[in-house]
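**Student:** This structure is in structure tokens; I'll ask about it shortly.
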Amino acid sequence: MNPSILNIPKIIVSILVLFFAYHFFSLGTPLLNENKKILLITEKKQPIIDKLNNEDIEQKDEIDQVFNEKNAEQTSILEQQKIDISPKIITKINEVIVKKNQTFDSILKNEKITNSMRINIITEISKLYNLKKLPIGQKIIFNYREKDQNTKLVKITLPLSFKEELVLENNLDNKFIAKKIDLPIFSEKKIFKVNIEKSLYQSAVKFKVPNSVIIDLIRLYSFDVDFQRDIRVNDNFVVMYEVFYNEQRREVAFGNILYSNLILQKRELEYFLFETSEGIDYFDRKGKNVRKALMKTPIDGARLSSGFGMRKHPILGYNVKHRGVDFAAPTGTPVFAAGNGKIEFIGTNGAYGKYIRIRHNNSYKTAYAHLSGYKKGISKSVRVNQGEIIGYVGSTGRSTGPHLHYEVIFNGKKINPMKMKLPSGKSLKNEELNKFLEYSEEIFSFVIKNI
């Protein structure tokens with residue numbers, strides 16, 4: 001065989017080896033090329049990543065430093081006060097509502113709290129709160145946590161109002177520390193426009209105006225309005241008042257009436273609440289104080305059942321002069337003092353039954369008869385304020401049913417309360433009047449935009 005023919009395979013193999021070697025070192029493998037691309041991208045991005053990481057680390061270090069300082073400060077304070085700062089895992093929350101004849105001590109016993117701890121808790125609470133006045137319906141919240149396989153009482157909360165609560169916390173010595181906490185309060189203005197269908201009271205209830213606001217409204221207008229005779233169907237009123245609530249329990253309380261406007265067929269009674277140098281009071285659009293010396297109707301939502309003058313007496317059967325006015329109302333309806341003054345007489349007074357008479361000044365007195373009872377704390381010589389509850393409607397004495405007999409006595413003579421004309425309070429002047437006019441315009445504009 002020709003030797004040159006035998007060398008052909010070797011030559012072919014050598015050529016292939018040279019080809020692949022050239023391809024590998026010159027162009028590289030696909031995997032290597034891909035790695036080169038990744039490397040190039042990484043090299044370009046790395047300075048940016050390093051910069052971002054450095055900034056993040058600096059910010060993180062600053063945050064960590066502030067946090068550690070604050071944490072150390074808070075921990076130091078808590079340790080000084082011996083407050084337990086170990087993790088508190090609440091495993092049980094027990095809410096108790098105080099029932100009739102229940103005491104705080106009996107409630108603690110029901111919670112299976114030891115004698116020594118009960119003494120500690122009661123002693124601490126008594127520093128801030130009179131437990132003898134613990135009302136029926138009061139909520140008490142007990143918080144427990146599990147520690148070393150034992151259930152431990154860590155916190156007791158008594159909500160005192162929508163803006164305040166009493167809190168007892170267990171410290172490191174297993175002793176309770178009591179404190180009062182003011183809750184964050186929020187407020188907003190509510191406005192209602194109500195069309196009167198039957199009575200002001202019933203219509204306001206239908207529109208879900210709060211009862212306390214309705215009562216304040218009636219008191220405010222009782223100086224100028226006979227609610228039985230002056231108000232007609234399709235009269236209306238606008239009222240704006242404050243609402244207060246807290247973030248935790250969302251319990252609501254109602255503030256003062258800020259603006260009201262009672263629109264009757266023949267007149268319009270628009271009142272603004274305004275603070276003067278002498279205090280807060282209501283004024284009309286011209287800055288005149290709207291309060292009168294005496295109220296015409298010292299009772300809420302009652303029906304005038306008998307007017308002043310001659311009438312046939314329902315019991316005696318013959319005509320006599322009725323020297324007062326009667327307001328029919330359910331037994332127990334509150335009766336208000338018609339004006340500021342001093343209790344001159346309180347007690348049973350013949351045909352009047354249970355009776356109160358108030359001296360307001362040298363000229364005026366008012367009397368309230370057939371009461372079922374007196375408000376606690378009302379007695380002879382006690383000073384009362386206009387609108388303050390003094391007693392309750394009844395049917396004592398010579399009476400055919402529950403009602404209030406109301407009299408106004410002027411210089412010893414009984415006059416018709418519905419026709420008396422009493423001077424109103426002062427009118428604002430000068431700088432105070434200018435401030436009021438500016439304020440009332442702002443309030444009126446706000447009301448118009450929101451009704």
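Residues in the structure tokens are numbered from 1 in each chain, the chains being A, B, ... in the order shown, and ligands are numbered from 1 in the order shown.
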So which residues of stretch 71-218 of chain A fall under strand (DSSP E) by DSSP, listed as a PyMOL selection string?
**Tutor:** chain A and resi 90-97+139-147+150-161+164-170+176-182+185-195
**Student:** Please provide as a PyMOL selection string all residues within 12 Å of A:Gln102, with the sequence filter that same-chain residues fewer than 6 positions apart are discarded (counting only C-alpha atoms).
**Tutor:** chain A and resi 96+108-110+131-138
**Student:** Find the nearest atom pair between each residue of stretch 225-285 of chain A and stretch 424-439 of chain A for residues within 8 Å, count only C-alpha atoms, give distances in Å to one decimal, sort rows by chain and ascending number, and present the table as a tab-separated table.
**Tutor:**
residue	atom	partner	partner_atom	distance
A:Phe274	CA	A:Phe436	CA	7.1
A:Thr276	CA	A:Glu432	CA	7.2
A:Arg285	CA	A:Leu437	CA	7.6
**Student:** Would you mind listing what lies within 7 Å of A:Tyr374 as a PDB file with C-alpha atoms, in the first residue's frame, with only C-alpha atoms counted and same-chain residues fewer than 4 positions away left out?
**Tutor:**
ATOM      1  CA  ILE A 378     -83.663  70.420  95.630  1.00  0.00           C
ATOM      2  CA  ILE A 390     -86.402  70.703  89.831  1.00  0.00           C
ATOM      3  CA  GLY A 391     -89.148  68.055  89.876  1.00  0.00           C
ATOM      4  CA  TYR A 392     -91.329  65.673  87.883  1.00  0.00           C
TER       5      TYR A 392
END
**Student:** How many Å lie between atom CA of A:Asn115 and atom CA of A:Lys180, rounded to one decimal?
**Tutor:**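 About the pair atom CA of A:Asn115 and atom CA of A:Lys180: they are 24.1 Å apart.
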**Student:** Give the helix (DSSP H, G or I) residues of stretch 213-435 of chain A, as DSSP finds them on the backbone, and put them as a list in words.
**Tutor:**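 Result set for stretch 213-435 of chain A (helix (DSSP H, G or I)): Val213, Ile214, Ile215, Asp216, Leu217, Ile218, Arg219, Leu220, Tyr221, Gly350, Ala351, Tyr352, Asn430, Glu431, Glu432, Leu433, Asn434 and Lys435 of chain A.
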**Student:** In terms of the shortest atom-to-atom distance over only C-alpha atoms, which of A:Ser399, A:Thr366, A:Asn261, A:Ser440 is closest to A:Gly339?
**Tutor:** A:Thr366
**Student:** With only C-alpha atoms as the counted atoms, please give the residues lying no more than 6 Å from A:Lys342, apart from itself and same-chain residues fewer than 4 positions off, as a ChimeraX atom specification.
**Tutor:** /A:358-359,381-383
**Student:** Tell me, as an NGL selection string, which residues lie within 10 Å of A:Lys266, counting only C-alpha atoms; anything in the same chain fewer than 6 positions away does not count.
**Tutor:** :A and (230-231 or 235)
**Student:** Emit the selected residues as a PDB file, in the first residue's frame, including N, CA and C atoms.
**Tutor:**
ATOM      1  N   ASP A 230     -98.138  78.052  68.804  1.00  0.00           N
ATOM      2  CA  ASP A 230     -97.370  78.808  67.809  1.00  0.00           C
ATOM      3  C   ASP A 230     -96.895  77.964  66.626  1.00  0.00           C
ATOM      4  N   ILE A 231     -96.734  76.659  66.822  1.00  0.00           N
ATOM      5  CA  ILE A 231     -96.158  75.801  65.774  1.00  0.00           C
ATOM      6  C   ILE A 231     -97.266  75.131  64.966  1.00  0.00           C
ATOM      7  N   ASP A 235     -94.277  74.020  59.303  1.00  0.00           N
ATOM      8  CA  ASP A 235     -93.197  74.864  59.803  1.00  0.00           C
ATOM      9  C   ASP A 235     -91.928  74.013  59.802  1.00  0.00           C
TER      10      ASP A 235
END
**Student:** For A:Asn94, which of A:Ala178, A:Ile140, A:Val243, A:Leu258 is the closest residue, counting only C-alpha atoms?
**Tutor:** A:Ile140
**Student:** To one decimal in Å, tell me the separation between atom CA of A:Asp300 and atom CA of A:Ser363.
**Tutor:**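 Result for atom CA of A:Asp300 versus atom CA of A:Ser363: 25.9 Å, one decimal.
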**Student:** What separation in Å, quoted to one decimal, exists between atom CA of A:Phe227 and atom CA of A:Thr297?
**Tutor:**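 Value for the atom CA of A:Phe227-atom CA of A:Thr297 distance: 8.1 Å.
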**Student:** If we count only C-alpha atoms and set the cut-off at 7 Å, which residues sit around A:Gly324, ignoring sequence neighbours fewer than 4 positions away in its own chain? Please answer as a ChimeraX atom specification.
**Tutor:** /A:308,405-407,416
**Student:** Selection from above, all heavy atoms, as a PDB file, in the first residue's frame, can you write it?
**Tutor:**
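Contents of part.pdb, freshly written:
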ATOM      1  N   PHE A 308    -105.132  80.089  80.966  1.00  0.00           N
ATOM      2  CA  PHE A 308    -105.334  81.029  82.069  1.00  0.00           C
ATOM      3  C   PHE A 308    -106.709  81.684  81.927  1.00  0.00           C
ATOM      4  O   PHE A 308    -107.118  82.052  80.831  1.00  0.00           O
ATOM      5  CB  PHE A 308    -104.225  82.088  82.022  1.00  0.00           C
ATOM      6  CG  PHE A 308    -104.184  83.003  83.209  1.00  0.00           C
ATOM      7  CD1 PHE A 308    -103.381  82.716  84.303  1.00  0.00           C
ATOM      8  CD2 PHE A 308    -104.942  84.164  83.224  1.00  0.00           C
ATOM      9  CE1 PHE A 308    -103.340  83.577  85.398  1.00  0.00           C
ATOM     10  CE2 PHE A 308    -104.906  85.030  84.307  1.00  0.00           C
ATOM     11  CZ  PHE A 308    -104.098  84.729  85.398  1.00  0.00           C
ATOM     12  N   HIS A 405     -99.213  72.157  86.736  1.00  0.00           N
ATOM     13  CA  HIS A 405     -99.884  73.459  86.883  1.00  0.00           C
ATOM     14  C   HIS A 405     -98.776  74.477  87.128  1.00  0.00           C
ATOM     15  O   HIS A 405     -98.019  74.389  88.097  1.00  0.00           O
ATOM     16  CB  HIS A 405    -100.857  73.429  88.061  1.00  0.00           C
ATOM     17  CG  HIS A 405    -101.475  74.773  88.351  1.00  0.00           C
ATOM     18  ND1 HIS A 405    -102.529  75.277  87.629  1.00  0.00           N
ATOM     19  CD2 HIS A 405    -101.151  75.724  89.272  1.00  0.00           C
ATOM     20  CE1 HIS A 405    -102.842  76.474  88.104  1.00  0.00           C
ATOM     21  NE2 HIS A 405    -102.019  76.773  89.107  1.00  0.00           N
ATOM     22  N   TYR A 406     -98.679  75.470  86.228  1.00  0.00           N
ATOM     23  CA  TYR A 406     -97.581  76.440  86.255  1.00  0.00           C
ATOM     24  C   TYR A 406     -98.132  77.839  86.454  1.00  0.00           C
ATOM     25  O   TYR A 406     -99.074  78.253  85.759  1.00  0.00           O
ATOM     26  CB  TYR A 406     -96.816  76.342  84.937  1.00  0.00           C
ATOM     27  CG  TYR A 406     -95.723  77.373  84.726  1.00  0.00           C
ATOM     28  CD1 TYR A 406     -94.718  77.580  85.672  1.00  0.00           C
ATOM     29  CD2 TYR A 406     -95.702  78.136  83.555  1.00  0.00           C
ATOM     30  CE1 TYR A 406     -93.713  78.522  85.456  1.00  0.00           C
ATOM     31  CE2 TYR A 406     -94.696  79.076  83.332  1.00  0.00           C
ATOM     32  CZ  TYR A 406     -93.711  79.263  84.280  1.00  0.00           C
ATOM     33  OH  TYR A 406     -92.718  80.191  84.068  1.00  0.00           O
ATOM     34  N   GLU A 407     -97.541  78.562  87.409  1.00  0.00           N
ATOM     35  CA  GLU A 407     -97.984  79.924  87.696  1.00  0.00           C
ATOM     36  C   GLU A 407     -96.804  80.890  87.640  1.00  0.00           C
ATOM     37  O   GLU A 407     -95.680  80.538  88.030  1.00  0.00           O
ATOM     38  CB  GLU A 407     -98.607  80.017  89.104  1.00  0.00           C
ATOM     39  CG  GLU A 407     -99.887  79.220  89.260  1.00  0.00           C
ATOM     40  CD  GLU A 407    -100.454  79.317  90.674  1.00  0.00           C
ATOM     41  OE1 GLU A 407     -99.756  79.855  91.572  1.00  0.00           O
ATOM     42  OE2 GLU A 407    -101.592  78.835  90.866  1.00  0.00           O
ATOM     43  N   ASN A 416    -100.822  85.740  83.402  1.00  0.00           N
ATOM     44  CA  ASN A 416    -100.824  84.715  82.356  1.00  0.00           C
ATOM     45  C   ASN A 416     -99.402  84.520  81.806  1.00  0.00           C
ATOM     46  O   ASN A 416     -98.862  85.440  81.171  1.00  0.00           O
ATOM     47  CB  ASN A 416    -101.767  85.134  81.226  1.00  0.00           C
ATOM     48  CG  ASN A 416    -101.965  84.040  80.195  1.00  0.00           C
ATOM     49  OD1 ASN A 416    -101.247  83.055  80.181  1.00  0.00           O
ATOM     50  ND2 ASN A 416    -102.950  84.221  79.331  1.00  0.00           N
TER      51      ASN A 416
END
**Student:** Excluding A:Ile257 and any residue of its chain fewer than 5 positions from it, enumerate the residues within 8 Å of it, using only C-alpha atoms, and give them as a list of chain:residue names.
**Tutor:**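 The filter keeps A:Val213, A:Asp216, A:Leu217, A:Val239, A:Met240, A:Tyr241, A:Glu242, A:Leu273.
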